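Shown next: protein.txt, given as compact mmCIF, C-alpha atoms.
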```txt
# COMPACT_ATOMS: atom_id res chain seq x y z
CA MET A 1 128.19 142.57 77.51
CA SER A 2 131.97 143.06 77.48
CA GLU A 3 134.11 143.11 80.60
CA ASN A 4 134.86 146.82 80.17
CA SER A 5 131.20 147.74 79.96
CA GLU A 6 130.46 145.63 83.05
CA LEU A 7 133.21 147.39 84.95
CA GLY A 8 131.92 150.76 83.87
CA SER A 9 128.43 149.83 85.02
CA GLU A 10 129.82 148.76 88.38
CA ALA A 11 131.58 152.09 88.83
CA ASP A 12 128.50 154.08 87.89
CA ALA A 13 126.32 152.02 90.23
CA ARG A 14 128.69 152.44 93.19
CA ASP A 15 129.00 156.19 92.67
CA SER A 16 125.24 156.63 92.45
CA GLY A 17 124.71 154.82 95.74
CA SER A 18 123.13 151.69 94.27
CA GLY A 19 126.22 149.51 94.03
CA SER A 20 126.28 145.86 95.00
CA VAL A 21 129.04 143.58 96.24
CA GLY A 22 131.31 142.60 93.37
CA LYS A 23 133.00 139.31 92.52
CA LEU A 24 136.39 140.50 93.79
CA GLU A 25 135.01 141.18 97.27
CA LEU A 26 133.34 137.77 97.37
CA PHE A 27 136.64 136.21 96.32
CA PHE A 28 138.45 138.21 99.02
CA ASP A 29 136.01 137.00 101.69
CA LEU A 30 137.04 133.40 101.04
CA VAL A 31 140.12 133.90 103.21
CA PHE A 32 137.83 134.94 106.06
CA VAL A 33 136.00 131.63 105.76
CA TYR A 34 139.36 129.99 106.39
CA ALA A 35 140.19 132.46 109.18
CA MET A 36 136.93 131.59 110.98
CA ALA A 37 137.87 127.91 110.87
CA GLN A 38 141.35 128.71 112.18
CA LEU A 39 139.92 130.71 115.08
CA THR A 40 137.98 127.63 116.14
CA GLU A 41 141.19 125.59 115.95
CA LEU A 42 142.98 128.18 118.07
CA VAL A 43 140.48 127.69 120.90
CA ARG A 44 140.19 123.92 120.47
CA ASP A 45 143.95 123.54 120.86
CA ASP A 46 143.78 125.20 124.28
CA VAL A 47 140.36 124.78 125.90
CA SER A 48 141.02 127.10 128.81
CA TRP A 49 140.34 130.69 129.79
CA ARG A 50 143.72 131.56 128.32
CA GLY A 51 142.90 129.85 125.04
CA PHE A 52 139.46 131.48 124.99
CA GLY A 53 141.06 134.89 125.48
CA HIS A 54 143.47 134.17 122.64
CA GLY A 55 140.50 133.35 120.42
CA VAL A 56 138.86 136.67 121.26
CA LEU A 57 142.04 138.62 120.50
CA GLY A 58 142.49 136.73 117.24
CA LEU A 59 138.91 137.50 116.23
CA LEU A 60 139.41 141.22 116.99
CA ALA A 61 142.48 141.35 114.75
CA VAL A 62 140.88 139.42 111.88
CA TRP A 63 137.61 141.36 112.10
CA TRP A 64 139.29 144.75 111.89
CA ALA A 65 141.33 143.64 108.87
CA TRP A 66 138.05 142.77 107.16
CA VAL A 67 136.41 146.04 108.27
CA CYS A 68 139.24 148.12 106.77
CA TYR A 69 138.82 146.51 103.35
CA THR A 70 135.05 146.81 103.54
CA TRP A 71 135.32 150.58 103.94
CA LEU A 72 137.88 150.66 101.14
CA THR A 73 135.80 148.76 98.59
CA ASN A 74 132.70 150.65 99.71
CA THR A 75 134.42 153.96 98.97
CA PHE A 76 136.15 153.06 95.70
CA THR A 77 135.24 150.72 92.86
CA THR A 78 137.52 147.78 92.06
CA ASN A 79 137.60 148.03 88.28
CA ARG A 80 141.25 149.02 87.87
CA VAL A 81 143.84 146.29 87.25
CA VAL A 82 146.28 147.70 89.83
CA PHE A 83 143.53 147.86 92.46
CA ARG A 84 142.56 144.24 91.81
CA CYS A 85 146.15 143.03 91.96
CA LEU A 86 146.77 144.76 95.29
CA VAL A 87 143.54 143.37 96.78
CA ILE A 88 144.64 139.87 95.73
CA ALA A 89 148.03 140.53 97.33
CA ALA A 90 146.22 141.49 100.54
CA MET A 91 144.21 138.30 100.21
CA ALA A 92 147.44 136.28 100.05
CA ALA A 93 148.75 138.06 103.14
CA MET A 94 145.47 137.35 104.94
CA LEU A 95 145.82 133.67 104.03
CA LEU A 96 149.25 133.61 105.71
CA ALA A 97 147.84 135.35 108.78
CA ALA A 98 144.94 132.89 108.97
CA SER A 99 147.33 129.95 108.57
CA ALA A 100 149.32 131.19 111.56
CA LEU A 101 146.25 131.86 113.73
CA PRO A 102 146.27 128.55 115.70
CA ILE A 103 149.86 129.31 116.79
CA ALA A 104 149.64 133.12 116.73
CA PHE A 105 150.50 133.30 120.43
CA SER A 106 153.45 130.91 120.22
CA THR A 107 155.65 129.87 117.29
CA GLY A 108 153.51 131.60 114.66
CA ALA A 109 153.41 135.00 116.37
CA LEU A 110 155.87 136.74 114.05
CA VAL A 111 154.32 135.33 110.87
CA PHE A 112 150.87 136.46 111.95
CA GLY A 113 152.08 139.91 112.98
CA LEU A 114 154.03 140.57 109.79
CA ALA A 115 151.22 139.26 107.60
CA LEU A 116 148.73 141.51 109.40
CA LEU A 117 151.06 144.48 108.96
CA ALA A 118 151.36 143.71 105.24
CA ILE A 119 147.56 143.61 104.95
CA ARG A 120 147.29 147.04 106.56
CA VAL A 121 150.09 148.59 104.47
CA ILE A 122 148.46 147.36 101.24
CA HIS A 123 145.15 148.75 102.46
CA LEU A 124 146.69 152.16 103.09
CA VAL A 125 148.44 152.18 99.71
CA LEU A 126 145.14 151.44 97.99
CA PHE A 127 143.32 154.11 99.97
CA VAL A 128 146.00 156.76 99.45
CA VAL A 129 146.27 156.11 95.70
CA ASP A 130 142.53 156.31 95.16
CA ALA A 131 141.98 159.17 97.60
CA SER A 132 144.67 161.20 95.84
CA HIS A 133 142.21 161.68 92.99
CA ASP A 134 139.37 162.59 95.33
CA ASP A 135 138.47 165.60 97.44
CA GLU A 136 140.85 166.99 100.04
CA HIS A 137 138.42 166.33 102.92
CA LEU A 138 138.60 162.59 102.27
CA ARG A 139 142.40 162.73 102.14
CA ALA A 140 142.51 164.66 105.39
CA GLY A 141 140.18 162.16 107.08
CA LEU A 142 142.37 159.30 105.93
CA LEU A 143 145.51 160.97 107.25
CA ARG A 144 143.91 161.29 110.68
CA LEU A 145 143.35 157.52 110.71
CA VAL A 146 146.82 156.53 109.48
CA PRO A 147 148.47 156.45 112.96
CA SER A 148 145.93 154.00 114.39
CA LEU A 149 145.89 151.92 111.20
CA LEU A 150 149.66 151.42 111.37
CA ILE A 151 150.43 151.40 115.09
CA ALA A 152 148.02 148.55 115.90
CA PRO A 153 149.52 145.92 113.54
CA VAL A 154 153.03 147.07 114.46
CA LEU A 155 152.22 146.33 118.11
CA ILE A 156 151.06 142.83 117.19
CA ALA A 157 154.24 142.23 115.18
CA VAL A 158 156.39 143.53 118.05
CA ALA A 159 154.45 141.35 120.50
CA ALA A 160 156.11 138.29 118.92
CA ALA A 161 159.31 139.24 120.75
CA PHE A 162 157.66 139.17 124.19
CA PRO A 163 156.47 136.26 126.36
CA ALA A 164 153.06 136.02 128.01
CA PRO A 165 151.43 138.04 129.47
CA TYR A 166 153.19 140.98 127.79
CA ARG A 167 152.37 139.58 124.37
CA GLU A 168 148.68 139.50 125.20
CA LEU A 169 148.83 143.03 126.65
CA LEU A 170 150.28 144.33 123.39
CA TRP A 171 147.48 142.60 121.47
CA ILE A 172 144.92 144.25 123.76
CA GLY A 173 146.60 147.62 123.17
CA ALA A 174 146.46 147.02 119.42
CA ALA A 175 142.73 146.24 119.60
CA ILE A 176 142.06 149.41 121.62
CA ILE A 177 143.94 151.49 119.05
CA ASP A 178 142.19 149.81 116.10
CA PHE A 179 138.68 150.22 117.45
CA GLY A 180 139.34 153.61 119.04
CA GLY A 181 140.86 155.17 115.93
CA PRO A 182 137.55 155.85 114.10
CA LEU A 183 136.03 157.25 117.31
CA VAL A 184 138.89 159.71 117.86
CA ALA A 185 139.61 160.62 114.23
CA GLY A 186 136.01 160.41 113.03
CA VAL A 187 134.62 158.88 109.86
CA GLU A 188 132.32 161.70 108.75
CA VAL A 189 134.29 162.42 105.56
CA PHE A 190 133.99 158.86 104.25
CA ARG A 191 131.25 157.96 101.81
CA VAL A 192 128.93 155.05 102.53
CA VAL A 193 127.01 153.28 99.78
CA PRO A 194 123.98 151.90 101.68
CA SER A 195 123.17 148.95 99.42
CA TYR A 196 126.80 147.86 99.33
CA PHE A 197 127.38 148.25 103.07
CA VAL A 198 124.26 146.35 104.10
CA GLU A 199 124.83 143.54 101.60
CA ARG A 200 128.51 143.13 102.49
CA HIS A 201 127.81 142.78 106.21
CA GLY A 202 124.91 140.43 105.58
CA LEU A 203 127.25 138.23 103.56
CA ILE A 204 129.84 138.09 106.36
CA ILE A 205 127.11 136.91 108.75
CA ILE A 206 126.35 134.13 106.27
CA VAL A 207 130.08 133.33 106.05
CA ALA A 208 130.24 132.92 109.84
CA LEU A 209 127.08 130.79 109.91
CA GLY A 210 128.40 128.73 107.03
CA GLU A 211 131.59 127.95 108.88
CA ALA A 212 129.56 126.83 111.91
CA VAL A 213 127.45 124.55 109.69
CA VAL A 214 130.60 123.08 108.10
CA GLY A 215 131.89 122.30 111.59
CA LEU A 216 128.62 120.54 112.42
CA GLY A 217 128.77 118.51 109.23
CA THR A 218 132.38 117.54 109.82
CA GLY A 219 131.59 116.44 113.38
CA ALA A 220 128.61 114.39 112.25
CA SER A 221 130.55 112.68 109.44
CA GLU A 222 132.94 111.21 112.01
CA HIS A 223 130.10 109.47 113.90
CA LEU A 224 127.72 108.26 111.20
CA GLN A 225 126.92 105.11 113.18
CA GLN A 226 125.54 107.06 116.13
CA PRO A 227 121.98 108.33 115.51
CA VAL A 228 122.15 110.64 118.51
CA VAL A 229 125.11 112.47 116.95
CA LEU A 230 123.27 112.88 113.65
CA ALA A 231 120.22 114.20 115.50
CA ALA A 232 122.41 116.62 117.44
CA ALA A 233 123.95 117.87 114.18
CA VAL A 234 120.47 118.53 112.80
CA LEU A 235 119.62 120.48 115.96
CA GLY A 236 122.78 122.51 115.46
CA VAL A 237 121.72 123.38 111.91
CA LEU A 238 118.29 124.44 113.21
CA ILE A 239 119.97 126.75 115.73
CA ALA A 240 122.12 128.26 112.97
CA ALA A 241 118.96 128.71 110.87
CA SER A 242 117.22 130.48 113.74
CA LEU A 243 120.16 132.87 114.05
CA TRP A 244 120.02 133.51 110.30
CA TRP A 245 116.30 134.22 110.51
CA THR A 246 116.80 136.47 113.52
CA TYR A 247 119.27 138.66 111.65
CA PHE A 248 117.63 138.83 108.24
CA GLY A 249 114.09 138.87 109.60
CA LEU A 250 110.92 138.80 107.56
CA THR A 251 111.19 142.20 105.91
CA ALA A 252 113.88 144.70 104.95
CA GLY A 253 114.65 148.29 105.82
CA ALA A 254 118.31 148.60 106.85
CA GLU A 255 119.37 149.97 103.47
CA GLN A 256 116.64 152.61 103.51
CA ARG A 257 117.67 153.79 106.97
CA LEU A 258 121.23 154.39 105.74
CA GLU A 259 119.80 156.15 102.70
CA ASP A 260 117.73 158.46 104.90
CA ALA A 261 120.69 159.42 107.11
CA ASP A 262 122.62 162.58 106.25
CA GLY A 263 126.23 162.29 105.05
CA PRO A 264 128.10 162.58 108.39
CA GLU A 265 125.38 160.73 110.32
CA ARG A 266 125.34 158.00 107.68
CA SER A 267 129.06 157.41 108.18
CA ARG A 268 128.69 157.33 111.97
CA LEU A 269 125.73 154.95 111.69
CA ALA A 270 127.72 152.66 109.39
CA ARG A 271 130.65 152.69 111.82
CA ASP A 272 128.58 151.96 114.93
CA ALA A 273 125.88 149.62 113.64
CA TYR A 274 128.09 147.67 111.24
CA SER A 275 131.84 147.98 111.90
CA TYR A 276 131.35 147.79 115.69
CA LEU A 277 128.07 146.03 116.48
CA HIS A 278 128.37 143.34 113.82
CA LEU A 279 131.49 142.08 115.60
CA PRO A 280 129.54 140.57 118.55
CA LEU A 281 127.13 139.04 116.04
CA VAL A 282 130.02 137.28 114.31
CA ALA A 283 131.61 136.44 117.67
CA GLY A 284 128.37 134.86 118.85
CA VAL A 285 128.25 132.63 115.78
CA THR A 286 131.94 131.72 116.14
CA PHE A 287 131.55 130.78 119.82
CA PHE A 288 128.41 128.80 118.99
CA GLY A 289 130.30 126.89 116.28
CA PHE A 290 133.07 125.96 118.70
CA GLY A 291 130.65 124.90 121.44
CA ALA A 292 128.53 122.88 119.02
CA SER A 293 131.57 121.01 117.70
CA VAL A 294 132.53 120.02 121.26
CA ALA A 295 128.92 118.99 121.92
CA LEU A 296 129.01 116.60 118.93
CA GLU A 297 132.20 114.99 120.26
CA HIS A 298 130.63 114.32 123.68
CA VAL A 299 126.98 114.25 122.72
CA SER A 300 125.80 112.11 125.66
CA ASP A 301 127.94 113.77 128.32
CA PRO A 302 127.58 117.12 130.12
CA LEU A 303 129.60 119.93 128.59
CA PRO A 304 132.68 121.32 130.34
CA LEU A 305 132.34 124.91 131.55
CA LEU A 306 134.01 126.75 128.66
CA PRO A 307 132.27 124.84 125.83
CA ALA A 308 128.96 125.32 127.67
CA ILE A 309 129.60 129.06 127.88
CA ALA A 310 130.64 129.15 124.22
CA LEU A 311 127.58 127.21 123.04
CA SER A 312 124.77 128.81 125.03
CA GLY A 313 126.60 132.07 125.65
CA GLY A 314 127.44 132.40 121.96
CA VAL A 315 123.78 132.08 120.99
CA GLY A 316 122.83 134.52 123.76
CA LEU A 317 125.51 136.97 122.60
CA PHE A 318 124.12 136.86 119.05
CA TYR A 319 120.59 137.70 120.24
CA ALA A 320 121.86 140.47 122.52
CA ALA A 321 124.06 141.92 119.77
CA ASP A 322 121.07 141.91 117.41
CA VAL A 323 119.18 143.97 120.00
CA ALA A 324 122.08 146.45 120.23
CA TYR A 325 122.38 146.65 116.45
CA ARG A 326 118.69 147.38 115.98
CA TRP A 327 118.71 149.97 118.74
CA ARG A 328 121.64 151.85 117.19
CA ASP A 329 120.24 151.44 113.70
CA HIS A 330 116.70 152.68 114.31
CA HIS A 331 116.10 152.80 118.09
CA GLN A 332 113.91 149.71 118.02
CA LEU A 333 113.86 147.63 121.21
CA VAL A 334 112.93 144.04 120.40
CA PRO A 335 111.72 142.14 123.50
CA ASP A 336 111.65 138.74 121.78
CA ARG A 337 115.42 138.88 121.16
CA LEU A 338 116.09 140.14 124.67
CA LEU A 339 114.12 137.23 126.11
CA ALA A 340 115.88 134.80 123.76
CA ALA A 341 119.28 136.14 124.90
CA ALA A 342 118.32 135.76 128.57
CA ALA A 343 116.91 132.25 128.03
CA SER A 344 120.08 131.15 126.20
CA LEU A 345 122.29 132.39 129.03
CA LEU A 346 120.10 130.65 131.62
CA ILE A 347 120.82 127.33 129.86
CA ILE A 348 124.52 127.54 130.80
CA PRO A 349 124.22 126.22 134.42
CA PRO A 350 122.09 123.15 133.56
CA ALA A 351 124.36 122.50 130.53
CA LEU A 352 127.03 121.46 133.03
CA THR A 353 124.91 118.52 134.19
CA MET A 354 122.65 117.58 131.24
CA PRO A 355 123.70 115.67 128.08
CA ALA A 356 125.13 117.88 125.35
CA TRP A 357 122.40 116.93 122.88
CA SER A 358 119.75 118.24 125.27
CA VAL A 359 121.52 121.62 125.40
CA LEU A 360 121.25 121.79 121.61
CA ALA A 361 117.58 120.83 121.90
CA ALA A 362 116.95 123.56 124.47
CA LEU A 363 118.63 126.21 122.29
CA THR A 364 116.60 124.99 119.31
CA ALA A 365 113.44 125.45 121.37
CA VAL A 366 114.48 128.99 122.31
CA GLY A 367 114.98 129.86 118.64
CA ALA A 368 111.68 128.23 117.63
CA LEU A 369 109.75 130.13 120.32
CA ARG A 370 111.34 133.42 119.29
CA LEU A 371 110.50 132.82 115.65
CA THR A 372 106.94 131.85 116.56
CA TRP A 373 106.61 135.14 118.46
CA GLU A 374 107.78 137.02 115.37
CA LEU A 375 105.47 135.13 113.02
CA VAL A 376 102.45 135.57 115.27
CA ARG A 377 103.03 139.29 115.69
CA ARG A 378 103.84 139.97 112.04
CA PRO A 379 100.22 140.34 110.80
CA ARG A 380 99.62 143.01 113.45
CA ILE A 381 102.52 145.16 112.24
CA GLY A 382 101.45 147.94 109.93
CA PRO A 383 103.34 148.89 106.77
CA ALA A 384 105.18 151.75 108.49
CA ALA A 385 106.39 149.60 111.37
CA ALA A 386 107.21 146.70 109.08
CA GLY A 387 109.71 148.88 107.26
CA GLN A 388 111.65 149.26 110.49
CA VAL A 389 112.49 145.57 110.73
CA HIS A 390 115.82 144.47 109.31
```

Write out the structure in this file as structure tokens.
Amino acid sequence: MSENSELGSEADARDSGSGSVGKLELFFDLVFVYAMAQLTELVRDDVSWRGFGHGVLGLLAVWWAWVCYTWLTNTFTTNRVVFRCLVIAAMAAMLLAASALPIAFSTGALVFGLALLAIRVIHLVLFVVDASHDDEHLRAGLLRLVPSLLIAPVLIAVAAAFPAPYRELLWIGAAIIDFGGPLVAGVEVFRVVPSYFVERHGLIIIVALGEAVVGLGTGASEHLQQPVVLAAAVLGVLIAASLWWTYFGLTAGAEQRLEDADGPERSRLARDAYSYLHLPLVAGVTFFGFGASVALEHVSDPLPLLPAIALSGGVGLFYAADVAYRWRDHHQLVPDRLLAAAASLLIIPPALTMPAWSVLAALTAVGALRLTWELVRRPRIGPAAAGQVH
């Protein structure tokens, strides 16, 4: 099959609502793999409440940049040469922003801010060009979002000229504008391709988990002569696997729920369940990755407060966010994930006195018990209920 016929098939599939994530989007997501690693470096360079707060603000900025392009490539196909070139340009700008992340609140503030602004401008150019050939309701919806899409990165760029804490306050203002924009302006006019949206967000969860696993492998490779470190790394992988299993579950149904939603409700569901509630899922994995890397460095010692919160709290945040996601998606309350979230948080106090490897073991046990609960209960779930599980 020729390239042109493949591109035509991709366009037809996306328009009919059965599109899948293309190679360009997967290529674009590579810079977010790097950004995840840089976020960990940002926190590791300043293991304090201040550094932790910087990591959260950096994650908010990076996440919303990814969200904007996800809605773009969900709405329009990427088969035109100009579209592809501009997406690659945005990818280059995102690489510069990610490179500046560890020093985004000091000497790299201006580089990060300008790179983020460039990413947003390219995004708007792509959206405006493609929307100009579409219906006027989509163009009007985009125009309502333009102020928030531009003001937020401008604030981050301007923040480079201010010292702390004014710089951080401007970043917080930018995050409020970014996340509040779709709530105020609405997203009802935007199309959502269910198969594409579900697959793209599933892939970003895997990207985050992959970065955590890479961190575990890197930490273990530096201590190959210490069996306890190798065992702790294996426990970390088991925790990551339990998070993967928690999200993807044993059956599917998320795509069908988006399919069943009406046009405006589908867009609101996509915004809430994916653009908003997948952020704490990714944040949980990112915090877990940071805490696990510190645990491997001091595997026989108790964890300091912040790494303990990041490790156990990150896992707990992931479970709690999965509960929130499922409730917004299909009003399903899952007690096993609620209990797993509570159990993970309860591990934080003893983590301050017990060896780091035992914290990893305890979190592994929490994940194993939750999975056992799911496996035991699965045969009792009828076909109708089974379709409601992600």

Go through A:Pro153, A:Gly51, A:Pro165, A:Gly367 one by one, measure the shortest atom-to-atom distance of each to Trp244 in chain A using all atoms listed in the file, and give the residue with the smallest value. A:Gly367

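Distances to Leu110 in chain A were evaluated for A:Ser267, A:Ile156, A:Ala231, A:Thr286 using only C-alpha atoms, and the minimum falls at A:Ile156.
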
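Reported to one decimal place, the separation of CA of Pro163 in chain A from CA of Met91 in chain A is 29.0 Å.
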
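Each of A:Ala308, A:Ile204, A:Leu39, A:Val67 was checked against Tyr276 in chain A using all atoms listed in the file; the smallest atom-to-atom distance is that of A:Val67.
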
So that I can see what lies close to Phe290 in chain A, please list as a ChimeraX atom specification the residues with an atom at most 8 Å from it, counting only C-alpha atoms and leaving out residues fewer than 2 positions away in the same chain. /A:40,43-44,212,286-288,292-294,307,310-311

How about saving the chosen residues, C-alpha atoms kept, as an mmCIF file, in the frame of the given file?
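Produced file out_19.cif, reproduced below:
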```
data_model
loop_
_atom_site.group_PDB
_atom_site.id
_atom_site.type_symbol
_atom_site.label_atom_id
_atom_site.label_comp_id
_atom_site.auth_asym_id
_atom_site.auth_seq_id
_atom_site.Cartn_x
_atom_site.Cartn_y
_atom_site.Cartn_z
ATOM 1 C CA THR A 40 137.980 127.630 116.140
ATOM 2 C CA VAL A 43 140.480 127.690 120.900
ATOM 3 C CA ARG A 44 140.190 123.920 120.470
ATOM 4 C CA ALA A 212 129.560 126.830 111.910
ATOM 5 C CA THR A 286 131.940 131.720 116.140
ATOM 6 C CA PHE A 287 131.550 130.780 119.820
ATOM 7 C CA PHE A 288 128.410 128.800 118.990
ATOM 8 C CA ALA A 292 128.530 122.880 119.020
ATOM 9 C CA SER A 293 131.570 121.010 117.700
ATOM 10 C CA VAL A 294 132.530 120.020 121.260
ATOM 11 C CA PRO A 307 132.270 124.840 125.830
ATOM 12 C CA ALA A 310 130.640 129.150 124.220
ATOM 13 C CA LEU A 311 127.580 127.210 123.040
#
```

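Proximity to Trp245 in chain A was assessed for A:Leu170, A:Ala368, A:Val184, A:Leu114 counting all atoms listed in the file; the smallest distance is recorded for A:Ala368.
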
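CA of Gly58 in chain A is positioned 17.4 Å from CA of Leu150 in chain A.
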